[in-house]
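Asker: One structure coming up, written as structure tokens, with questions to follow.
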Amino acid sequence: MLNPEQRQAVEHGVEAGRAEPAAPLLIIAGSRLLRDIAEQISLDPAFTIHDREDAADLMNLVRHELGYSKLDSRFPAKATCLAIYSRCVNAQAPLEEILRTAFPWCAAWSVELRALFAGYVDAKQKQNVLDYDDLLLYWAQAVTDP
């Protein structure tokens with residue numbers, strides 16, 4: 001799937017421990033792979049990919065729609081919400097555990113965060129959008145399922 005130049009750049013980035021310079025190539029290669037096998041993994045091949053900033057903006061939109069931006073007490077900011085969501089997804093750990101171990105100052109918002117994350121997932125599905133966490137999950141599914 002990767003041409004020789006892309007493969008060399010990815011391998012060089014991984015060997016040197018520099019994931020960030022190779023990340024755009026990994027995203028390109030990964031999205032190409034997912035589009036090629038989309039129907040086999042129940043994915044619409046016309047998906048778009050949100051980078052971290054776009055994902056945070058969508059999270060913030062859902063946050064606002066739920067009224068969390070107008071609460072008397074300050075609800076966690078969009079970047080914090082996305083970081084919590086991402087940690088839960090990538091660690092495959094329950095929200096309460098992630099809040100307790102990594103974001104204790106947000107623990108009082110667990111019910112609201114759960115609703116926010118459900119709304120975020122729903123918004124992504126309606127818009128046929130994948131974020132970077134979704135890419136990782138689908139890549140894992142692609143390499144583990146026969």
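Quick note on naming: the chains in the structure tokens go A, B, ... in the order shown, residues restart at 1 in each chain, and ligands are numbered from 1 in order of appearance.
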Set the distance at 10 Å and use only C-alpha atoms: which residues neighbour Leu136 (chain A) once local chain neighbours fewer than 3 positions away are removed? I'd like the list as a PDB file with N, CA and C atoms, in the first residue's frame.

Answerer:
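The resulting file, part-v9.pdb, is reproduced below:
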ATOM      1  N   ILE A  27      -1.218   8.220   9.018  1.00  0.00           N
ATOM      2  CA  ILE A  27      -2.634   8.535   8.857  1.00  0.00           C
ATOM      3  C   ILE A  27      -3.058   8.324   7.402  1.00  0.00           C
ATOM      4  N   GLY A  30      -2.936   4.559   6.794  1.00  0.00           N
ATOM      5  CA  GLY A  30      -4.008   3.908   7.538  1.00  0.00           C
ATOM      6  C   GLY A  30      -5.372   4.189   6.958  1.00  0.00           C
ATOM      7  N   VAL A  89     -10.676   5.486  25.599  1.00  0.00           N
ATOM      8  CA  VAL A  89     -10.712   4.657  24.402  1.00  0.00           C
ATOM      9  C   VAL A  89      -9.413   3.869  24.247  1.00  0.00           C
ATOM     10  N   ASN A  90      -8.288   4.537  24.353  1.00  0.00           N
ATOM     11  CA  ASN A  90      -7.013   3.877  24.096  1.00  0.00           C
ATOM     12  C   ASN A  90      -6.590   2.933  25.209  1.00  0.00           C
ATOM     13  N   LEU A 130     -14.184  10.048  11.456  1.00  0.00           N
ATOM     14  CA  LEU A 130     -13.327   9.279  12.350  1.00  0.00           C
ATOM     15  C   LEU A 130     -12.326  10.237  12.977  1.00  0.00           C
ATOM     16  N   ASP A 131     -12.062  10.068  14.259  1.00  0.00           N
ATOM     17  CA  ASP A 131     -10.965  10.806  14.879  1.00  0.00           C
ATOM     18  C   ASP A 131      -9.764   9.867  14.955  1.00  0.00           C
ATOM     19  N   TYR A 132      -8.659  10.341  15.481  1.00  0.00           N
ATOM     20  CA  TYR A 132      -7.456   9.519  15.531  1.00  0.00           C
ATOM     21  C   TYR A 132      -7.655   8.268  16.387  1.00  0.00           C
ATOM     22  N   ASP A 133      -8.453   8.371  17.433  1.00  0.00           N
ATOM     23  CA  ASP A 133      -8.730   7.198  18.264  1.00  0.00           C
ATOM     24  C   ASP A 133      -9.490   6.143  17.463  1.00  0.00           C
ATOM     25  N   TRP A 139      -7.785   0.183  12.833  1.00  0.00           N
ATOM     26  CA  TRP A 139      -6.552  -0.478  12.423  1.00  0.00           C
ATOM     27  C   TRP A 139      -6.349  -1.754  13.230  1.00  0.00           C
ATOM     28  N   ALA A 140      -6.569  -1.676  14.536  1.00  0.00           N
ATOM     29  CA  ALA A 140      -6.425  -2.855  15.389  1.00  0.00           C
ATOM     30  C   ALA A 140      -7.384  -3.941  14.956  1.00  0.00           C
ATOM     31  N   GLN A 141      -8.628  -3.560  14.652  1.00  0.00           N
ATOM     32  CA  GLN A 141      -9.600  -4.542  14.190  1.00  0.00           C
ATOM     33  C   GLN A 141      -9.148  -5.163  12.869  1.00  0.00           C
ATOM     34  N   ALA A 142      -8.614  -4.342  11.993  1.00  0.00           N
ATOM     35  CA  ALA A 142      -8.202  -4.821  10.674  1.00  0.00           C
ATOM     36  C   ALA A 142      -7.068  -5.835  10.765  1.00  0.00           C
TER      37      ALA A 142
END

Asker: Can you pull out every residue from region 23-93 of chain A that DSSP, working from the backbone, puts in helix (DSSP H, G or I), and format the result as a ChimeraX atom specification?

Answerer: /A:23-36,38-41,52-65,68-70,78-91

Asker: Let's have the selection written as a short mmCIF file (atom, residue, chain, number, x, y, z; two decimals), in the first residue's frame, with C-alpha atoms.

Answerer:
data_model
loop_
_atom_site.label_atom_id
_atom_site.label_comp_id
_atom_site.auth_asym_id
_atom_site.auth_seq_id
_atom_site.Cartn_x
_atom_site.Cartn_y
_atom_site.Cartn_z
CA ALA A 23 2.29 10.47 11.86
CA PRO A 24 0.90 12.14 8.71
CA LEU A 25 2.18 9.25 6.62
CA LEU A 26 0.70 6.75 9.04
CA ILE A 27 -2.63 8.53 8.86
CA ILE A 28 -2.54 8.57 5.06
CA ALA A 29 -1.53 4.93 4.87
CA GLY A 30 -4.01 3.91 7.54
CA SER A 31 -6.91 5.74 5.96
CA ARG A 32 -6.08 4.19 2.60
CA LEU A 33 -6.01 0.76 4.20
CA LEU A 34 -9.33 1.37 5.94
CA ARG A 35 -10.97 2.62 2.75
CA ASP A 36 -9.78 -0.53 0.94
CA ALA A 38 -14.16 -0.53 4.73
CA GLU A 39 -17.03 -2.79 3.72
CA GLN A 40 -15.39 -5.81 5.38
CA ILE A 41 -15.26 -3.96 8.72
CA ARG A 52 -7.13 16.61 17.21
CA GLU A 53 -8.26 20.22 16.84
CA ASP A 54 -11.28 19.32 14.70
CA ALA A 55 -12.16 16.53 17.16
CA ALA A 56 -11.93 18.99 20.07
CA ASP A 57 -14.16 21.44 18.19
CA LEU A 58 -16.78 18.73 17.63
CA MET A 59 -16.52 17.74 21.29
CA ASN A 60 -17.04 21.39 22.20
CA LEU A 61 -20.08 21.66 19.93
CA VAL A 62 -21.71 18.69 21.65
CA ARG A 63 -20.62 20.12 25.02
CA HIS A 64 -22.43 23.36 24.18
CA GLU A 65 -25.54 21.58 22.82
CA TYR A 68 -22.40 22.28 29.76
CA SER A 69 -20.80 25.52 28.62
CA LYS A 70 -23.41 27.52 30.56
CA LYS A 78 -12.87 20.86 25.24
CA ALA A 79 -9.23 19.79 25.23
CA THR A 80 -9.58 18.19 28.66
CA CYS A 81 -12.76 16.41 27.61
CA LEU A 82 -11.08 15.08 24.48
CA ALA A 83 -8.03 13.96 26.50
CA ILE A 84 -10.27 12.06 28.93
CA TYR A 85 -12.22 10.47 26.07
CA SER A 86 -9.04 9.51 24.25
CA ARG A 87 -7.51 7.98 27.38
CA CYS A 88 -10.65 5.90 27.99
CA VAL A 89 -10.71 4.66 24.40
CA ASN A 90 -7.01 3.88 24.10
CA ALA A 91 -6.62 2.34 27.55
#

Asker: Rounded to one decimal, what separation in Å do you get between CA of Asp122 (chain A) and CA of Ile98 (chain A)?

Answerer: 21.5 Å

Asker: Measuring between only C-alpha atoms, which one of A:Ala102, A:Leu95, A:Leu135, A:Val129 shows the shortest distance to Phe117 (chain A)?

Answerer: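 Among the listed residues, the smallest separation from Phe117 (chain A) belongs to A:Leu95.
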
Asker: Record the distance separating CA of Lys126 (chain A) and CA of Phe47 (chain A), expressed in Å with one decimal.

Answerer: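 A separation of 10.6 Å between them.
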